[in-house]
>>> print(open('query-v3.cif').read())   # mmCIF, C-alpha atoms
data_entry
#
loop_
_atom_site.label_atom_id
_atom_site.label_comp_id
_atom_site.auth_asym_id
_atom_site.auth_seq_id
_atom_site.Cartn_x
_atom_site.Cartn_y
_atom_site.Cartn_z
CA MET C 1310 -30.73 67.43 33.27
CA LEU C 1311 -30.70 64.56 30.82
CA LYS C 1312 -28.05 61.99 31.71
CA SER C 1313 -29.33 59.35 29.32
CA ILE C 1314 -31.42 59.43 26.16
CA ALA C 1315 -33.07 56.52 24.41
CA VAL C 1316 -32.71 56.90 20.67
CA PHE C 1317 -35.22 55.15 18.43
CA CYS C 1318 -34.00 54.79 14.85
CA GLY C 1319 -33.91 52.60 11.79
CA SER C 1320 -32.08 49.33 11.32
CA SER C 1321 -31.52 50.59 7.77
CA THR C 1322 -29.64 53.70 6.70
CA GLY C 1323 -32.26 54.81 4.19
CA ASN C 1324 -31.66 55.98 0.63
CA ASP C 1325 -30.09 59.33 1.51
CA PRO C 1326 -26.55 59.10 2.96
CA ASP C 1327 -27.31 62.30 4.89
CA TYR C 1328 -29.31 60.25 7.43
CA ALA C 1329 -26.27 58.16 8.36
CA ALA C 1330 -24.02 61.21 8.49
CA LYS C 1331 -26.41 63.10 10.76
CA THR C 1332 -26.89 60.04 12.96
CA ARG C 1333 -23.12 59.84 13.43
CA GLN C 1334 -23.10 63.54 14.32
CA LEU C 1335 -25.80 62.90 16.92
CA GLY C 1336 -23.78 60.05 18.45
CA THR C 1337 -20.71 62.28 18.70
CA PHE C 1338 -22.80 65.21 20.01
CA LEU C 1339 -24.43 63.17 22.79
CA ALA C 1340 -21.05 61.71 23.78
CA SER C 1341 -19.60 65.24 23.99
CA LYS C 1342 -22.43 66.18 26.38
CA ASN C 1343 -21.76 63.06 28.53
CA ILE C 1344 -25.25 61.79 27.75
CA GLU C 1345 -25.48 58.02 27.72
CA ILE C 1346 -27.21 56.59 24.67
CA VAL C 1347 -29.82 53.90 25.30
CA TYR C 1348 -30.83 52.05 22.16
CA GLY C 1349 -31.83 48.71 20.66
CA ALA C 1350 -28.26 47.31 20.49
CA GLY C 1351 -28.18 46.84 16.72
CA ASN C 1352 -25.00 46.97 14.68
CA VAL C 1353 -26.81 47.72 11.42
CA GLY C 1354 -28.40 50.79 9.84
CA LEU C 1355 -28.73 54.03 11.75
CA MET C 1356 -28.54 52.04 14.97
CA GLY C 1357 -25.01 50.91 14.20
CA GLU C 1358 -23.97 54.36 12.96
CA LEU C 1359 -25.19 55.96 16.20
CA ALA C 1360 -23.44 53.49 18.50
CA ASP C 1361 -20.17 53.48 16.54
CA ALA C 1362 -19.94 57.28 16.48
CA ALA C 1363 -20.68 57.62 20.19
CA LEU C 1364 -18.19 54.91 21.13
CA GLU C 1365 -15.51 56.47 18.90
CA ALA C 1366 -16.08 59.72 20.84
CA ASN C 1367 -15.65 57.85 24.15
CA GLY C 1368 -19.37 57.98 24.92
CA LYS C 1369 -21.39 55.44 26.88
CA VAL C 1370 -23.79 53.27 24.92
CA PHE C 1371 -26.28 50.97 26.65
CA GLY C 1372 -27.92 48.42 24.36
CA VAL C 1373 -30.99 46.23 24.87
CA ILE C 1374 -31.79 43.42 22.45
CA PRO C 1375 -34.15 40.45 22.52
CA GLU C 1376 -32.53 37.04 22.24
CA PHE C 1377 -34.13 36.30 18.85
CA LEU C 1378 -32.55 39.41 17.28
CA LYS C 1379 -29.20 38.65 18.86
CA GLY C 1380 -29.48 35.23 17.21
CA TRP C 1381 -29.87 36.94 13.83
CA GLU C 1382 -26.36 38.36 14.31
CA VAL C 1383 -27.44 42.00 14.31
CA CYS C 1384 -26.19 42.68 17.86
CA HIS C 1385 -23.44 45.25 18.45
CA THR C 1386 -20.69 43.49 20.39
CA GLY C 1387 -18.65 46.52 21.46
CA LEU C 1388 -21.12 48.40 23.65
CA SER C 1389 -20.47 49.85 27.09
CA GLU C 1390 -23.24 47.63 28.44
CA LEU C 1391 -25.57 45.09 26.85
CA VAL C 1392 -28.77 43.52 28.17
CA VAL C 1393 -30.41 40.58 26.39
CA THR C 1394 -34.16 40.19 26.95
CA ASP C 1395 -36.71 37.48 26.27
CA ASN C 1396 -38.94 39.67 24.09
CA MET C 1397 -39.61 43.09 22.58
CA HIS C 1398 -41.89 44.21 25.42
CA GLU C 1399 -39.17 43.67 28.00
CA ARG C 1400 -36.69 45.46 25.74
CA LYS C 1401 -38.88 48.57 25.48
CA ALA C 1402 -39.60 48.62 29.22
CA ILE C 1403 -35.89 48.47 30.10
CA MET C 1404 -35.09 51.22 27.59
CA ALA C 1405 -37.87 53.41 29.00
CA ASP C 1406 -36.70 52.89 32.57
CA ARG C 1407 -33.04 53.56 31.78
CA ALA C 1408 -33.63 56.77 29.78
CA ASP C 1409 -34.25 60.32 31.01
CA GLY C 1410 -35.68 61.27 27.60
CA PHE C 1411 -36.28 59.99 24.08
CA ILE C 1412 -35.14 61.09 20.63
CA VAL C 1413 -36.70 59.65 17.49
CA LEU C 1414 -34.68 59.55 14.26
CA PRO C 1415 -35.84 58.40 10.84
CA GLY C 1416 -36.86 54.76 10.74
CA GLY C 1417 -39.58 52.33 9.78
CA PHE C 1418 -42.44 50.55 11.54
CA GLY C 1419 -40.33 49.62 14.58
CA THR C 1420 -39.22 53.20 15.12
CA LEU C 1421 -42.79 54.47 14.87
CA ASP C 1422 -43.96 51.71 17.21
CA GLU C 1423 -41.41 52.83 19.82
CA PHE C 1424 -42.33 56.50 19.36
CA PHE C 1425 -46.07 55.97 19.65
CA GLU C 1426 -45.78 53.60 22.60
CA ILE C 1427 -43.60 55.97 24.62
CA LEU C 1428 -45.84 58.90 23.58
CA THR C 1429 -48.97 56.99 24.67
CA TRP C 1430 -47.32 56.13 27.99
CA LYS C 1431 -46.68 59.84 28.50
CA GLN C 1432 -50.27 60.74 27.59
CA LEU C 1433 -51.41 58.21 30.21
CA HIS C 1434 -49.03 59.72 32.80
CA LEU C 1435 -46.87 56.62 33.06
CA HIS C 1436 -43.84 58.91 32.69
CA ASN C 1437 -43.11 62.60 32.21
CA LYS C 1438 -39.87 62.36 30.25
CA PRO C 1439 -39.23 64.58 27.23
CA ILE C 1440 -39.74 63.14 23.75
CA GLY C 1441 -38.27 64.69 20.62
CA LEU C 1442 -38.53 64.02 16.89
CA LEU C 1443 -35.50 64.94 14.79
CA ASN C 1444 -37.13 66.07 11.56
CA TRP C 1445 -34.10 65.68 9.31
CA ASN C 1446 -34.81 66.48 5.66
CA GLY C 1447 -38.50 66.84 6.51
CA TYR C 1448 -38.78 63.14 7.41
CA TYR C 1449 -41.46 63.74 10.05
CA THR C 1450 -43.26 66.68 8.39
CA HIS C 1451 -46.10 64.44 7.18
CA LEU C 1452 -46.40 62.84 10.62
CA ALA C 1453 -46.69 66.28 12.23
CA ALA C 1454 -49.37 67.16 9.66
CA HIS C 1455 -51.22 63.95 10.51
CA VAL C 1456 -51.14 64.85 14.20
CA SER C 1457 -52.81 68.15 13.23
CA GLN C 1458 -55.38 66.15 11.24
CA MET C 1459 -56.08 64.04 14.34
CA VAL C 1460 -56.85 67.23 16.27
CA GLU C 1461 -59.01 68.62 13.46
CA ALA C 1462 -60.99 65.36 13.27
CA GLY C 1463 -61.57 65.38 17.04
CA PHE C 1464 -59.50 62.31 17.96
CA LEU C 1465 -56.73 64.21 19.73
CA ARG C 1466 -56.89 67.22 22.01
CA THR C 1467 -54.78 70.18 20.97
CA GLU C 1468 -53.01 70.08 24.33
CA ASN C 1469 -51.71 66.59 23.58
CA THR C 1470 -49.73 67.89 20.64
CA THR C 1471 -47.37 69.37 23.25
CA LEU C 1472 -46.37 65.94 24.55
CA PHE C 1473 -43.39 65.92 22.18
CA SER C 1474 -41.02 68.39 20.57
CA ILE C 1475 -39.93 68.47 16.95
CA SER C 1476 -36.91 70.13 15.35
CA GLU C 1477 -34.51 69.77 12.44
CA GLY C 1478 -31.46 70.43 14.63
CA MET C 1479 -30.10 68.25 17.40
CA GLU C 1480 -28.95 71.16 19.59
CA ASP C 1481 -32.31 72.91 19.22
CA LEU C 1482 -34.19 69.70 19.99
CA LEU C 1483 -32.07 68.95 23.05
CA SER C 1484 -32.64 72.52 24.26
CA LYS C 1485 -36.41 72.15 23.86
CA MET C 1486 -36.31 68.84 25.71
CA THR C 1487 -34.23 70.15 28.64
CA GLU C 1488 -36.32 73.32 28.96
CA GLY C 1489 -39.42 71.26 29.63
CA GLU C 1490 -41.19 71.54 26.30
CA GLY C 1491 -43.53 68.62 25.85
CA ALA C 1492 -45.07 68.51 29.35
CA PHE C 1493 -48.05 66.26 29.87
CA ILE C 1494 -51.61 67.37 30.53
CA LYS C 1495 -54.66 65.55 31.79
CA LYS C 1496 -56.34 63.51 29.07
CA TRP C 1497 -59.74 63.46 30.72
CA SER C 1498 -60.81 66.67 32.42
#
>>> encode(input="query-v3.cif", output="structure tokens")
Amino acid sequence: MLKSIAVFCGSSTGNDPDYAAKTRQLGTFLASKNIEIVYGAGNVGLMGELADAALEANGKVFGVIPEFLKGWEVCHTGLSELVVTDNMHERKAIMADRADGFIVLPGGFGTLDEFFEILTWKQLHLHNKPIGLLNWNGYYTHLAAHVSQMVEAGFLRTENTTLFSISEGMEDLLSKMTEGEGAFIKKWS
């Protein structure tokens, strides 16, 4: 059972207002399931939308932010719990430890960095927590195609494509994650 989920998402809302609307729906949905949200503590972009919606639905939101970002005044000040770290590495480690699983929403370089780091940690057996991509409006379709290209080119084993789940719907994705889809396999065997 997933009691907490780290959500990686953009500090922008993107050009399509549907991303913000769906992010708010996710925040409300996770709160309704009593799943604590673990995230980067931002009050801007999809990050802010997620936290605000969950808090409005009486959900728990745990934020982790490095001191330098807090100094840029992008820190959400109304969270259930807030941890301030010295750097990004410490932030990601705390988020990974606190979460029972990970959901990736649309975002930029930072979101992809978080996704690939947590995915690599899983490939290396540093954790066995479920990871899911919410493919809203086809946002991650090209990424999924690139993963297939990595397999075709011989840089990724087919089995490693099962390390994460992908879906367009939050209920479907959560179901895949709780049913154990995305289990790890041995990289070298």
>>> resolve_selection(input="query-v3.cif", expression="the PyMOL selection byres ((chain C and resi 1349) around 7)", output="PyMOL selection string")
chain C and resi 1348+1350-1351+1372-1374
>>> resolve_selection(input="query-v3.cif", expression="the PyMOL selection byres ((chain C and resi 1379) around 12)", output="ChimeraX atom specification")
/C:1349-1353,1372-1378,1380-1386,1391-1397
>>> write_last_selection(input="query-v3.cif", atoms="C-alpha atoms", output="mmCIF file, in the frame of the given file")
data_model
loop_
_atom_site.group_PDB
_atom_site.id
_atom_site.type_symbol
_atom_site.label_atom_id
_atom_site.label_comp_id
_atom_site.auth_asym_id
_atom_site.auth_seq_id
_atom_site.Cartn_x
_atom_site.Cartn_y
_atom_site.Cartn_z
ATOM 1 C CA GLY C 1349 -31.830 48.710 20.660
ATOM 2 C CA ALA C 1350 -28.260 47.310 20.490
ATOM 3 C CA GLY C 1351 -28.180 46.840 16.720
ATOM 4 C CA ASN C 1352 -25.000 46.970 14.680
ATOM 5 C CA VAL C 1353 -26.810 47.720 11.420
ATOM 6 C CA GLY C 1372 -27.920 48.420 24.360
ATOM 7 C CA VAL C 1373 -30.990 46.230 24.870
ATOM 8 C CA ILE C 1374 -31.790 43.420 22.450
ATOM 9 C CA PRO C 1375 -34.150 40.450 22.520
ATOM 10 C CA GLU C 1376 -32.530 37.040 22.240
ATOM 11 C CA PHE C 1377 -34.130 36.300 18.850
ATOM 12 C CA LEU C 1378 -32.550 39.410 17.280
ATOM 13 C CA GLY C 1380 -29.480 35.230 17.210
ATOM 14 C CA TRP C 1381 -29.870 36.940 13.830
ATOM 15 C CA GLU C 1382 -26.360 38.360 14.310
ATOM 16 C CA VAL C 1383 -27.440 42.000 14.310
ATOM 17 C CA CYS C 1384 -26.190 42.680 17.860
ATOM 18 C CA HIS C 1385 -23.440 45.250 18.450
ATOM 19 C CA THR C 1386 -20.690 43.490 20.390
ATOM 20 C CA LEU C 1391 -25.570 45.090 26.850
ATOM 21 C CA VAL C 1392 -28.770 43.520 28.170
ATOM 22 C CA VAL C 1393 -30.410 40.580 26.390
ATOM 23 C CA THR C 1394 -34.160 40.190 26.950
ATOM 24 C CA ASP C 1395 -36.710 37.480 26.270
ATOM 25 C CA ASN C 1396 -38.940 39.670 24.090
ATOM 26 C CA MET C 1397 -39.610 43.090 22.580
#
>>> closest_residue(input="query-v3.cif", among="C:Ser1341, C:Ser1474, C:Ser1389, C:Thr1332", to="Cys1318 in chain C", atoms="all atoms listed in the file")
C:Thr1332
>>> atom_distance(input="query-v3.cif", atom1="CA of Asp1361 in chain C", atom2="CA of Ala1402 in chain C")
23.7 Å
>>> atom_distance(input="query-v3.cif", atom1="CA of Leu1428 in chain C", atom2="CA of Leu1339 in chain C")
21.8 Å
>>> resolve_selection(input="query-v3.cif", expression="the PyMOL selection byres ((chain C and resi 1319-1326) around 6)", output="compact mmCIF listing (two decimals) with C-alpha atoms, in the coordinates of the input")
# COMPACT_ATOMS: atom_id res chain seq x y z
CA CYS C 1318 -34.00 54.79 14.85
CA ASP C 1327 -27.31 62.30 4.89
CA TYR C 1328 -29.31 60.25 7.43
CA ALA C 1329 -26.27 58.16 8.36
CA VAL C 1353 -26.81 47.72 11.42
CA GLY C 1354 -28.40 50.79 9.84
CA LEU C 1355 -28.73 54.03 11.75
CA MET C 1356 -28.54 52.04 14.97
CA GLY C 1416 -36.86 54.76 10.74
>>> atom_distance(input="query-v3.cif", atom1="CA of Thr1471 in chain C", atom2="CA of Gly1489 in chain C")
10.4 Å
>>> closest_residue(input="query-v3.cif", among="C:Asn1469, C:Tyr1448, C:Val1413, C:Gln1458", to="Lys1431 in chain C", atoms="only C-alpha atoms")
C:Asn1469
>>> residues_around(input="query-v3.cif", residues="Lys1312 in chain C", least_positions_apart="4", cutoff="9 Å", atoms="only C-alpha atoms", output="PyMOL selection string")
chain C and resi 1342-1346+1408-1410
>>> closest_residue(input="query-v3.cif", among="C:Gly1478, C:Gly1336, C:Gly1419, C:Gly1463", to="Trp1445 in chain C", atoms="all atoms listed in the file")
C:Gly1478
>>> closest_residue(input="query-v3.cif", among="C:Ala1360, C:Met1310, C:Leu1443, C:Val1347", to="Met1479 in chain C", atoms="all atoms listed in the file")
C:Leu1443
>>> residues_near_point(input="query-v3.cif", point="(-29.9, 68.5, 20.2)", cutoff="10 Å", atoms="only C-alpha atoms", output="number ranges by chain")
C: 1335, 1338-1339, 1342, 1412, 1441, 1443, 1476-1487
>>> closest_residue(input="query-v3.cif", among="C:Leu1465, C:Leu1433, C:Ala1366, C:Ile1314", to="Met1404 in chain C", atoms="all atoms listed in the file")
C:Ile1314
>>> closest_residue(input="query-v3.cif", among="C:Glu1358, C:Thr1467, C:Ile1440, C:Ser1457", to="Leu1311 in chain C", atoms="all atoms listed in the file")
C:Ile1440
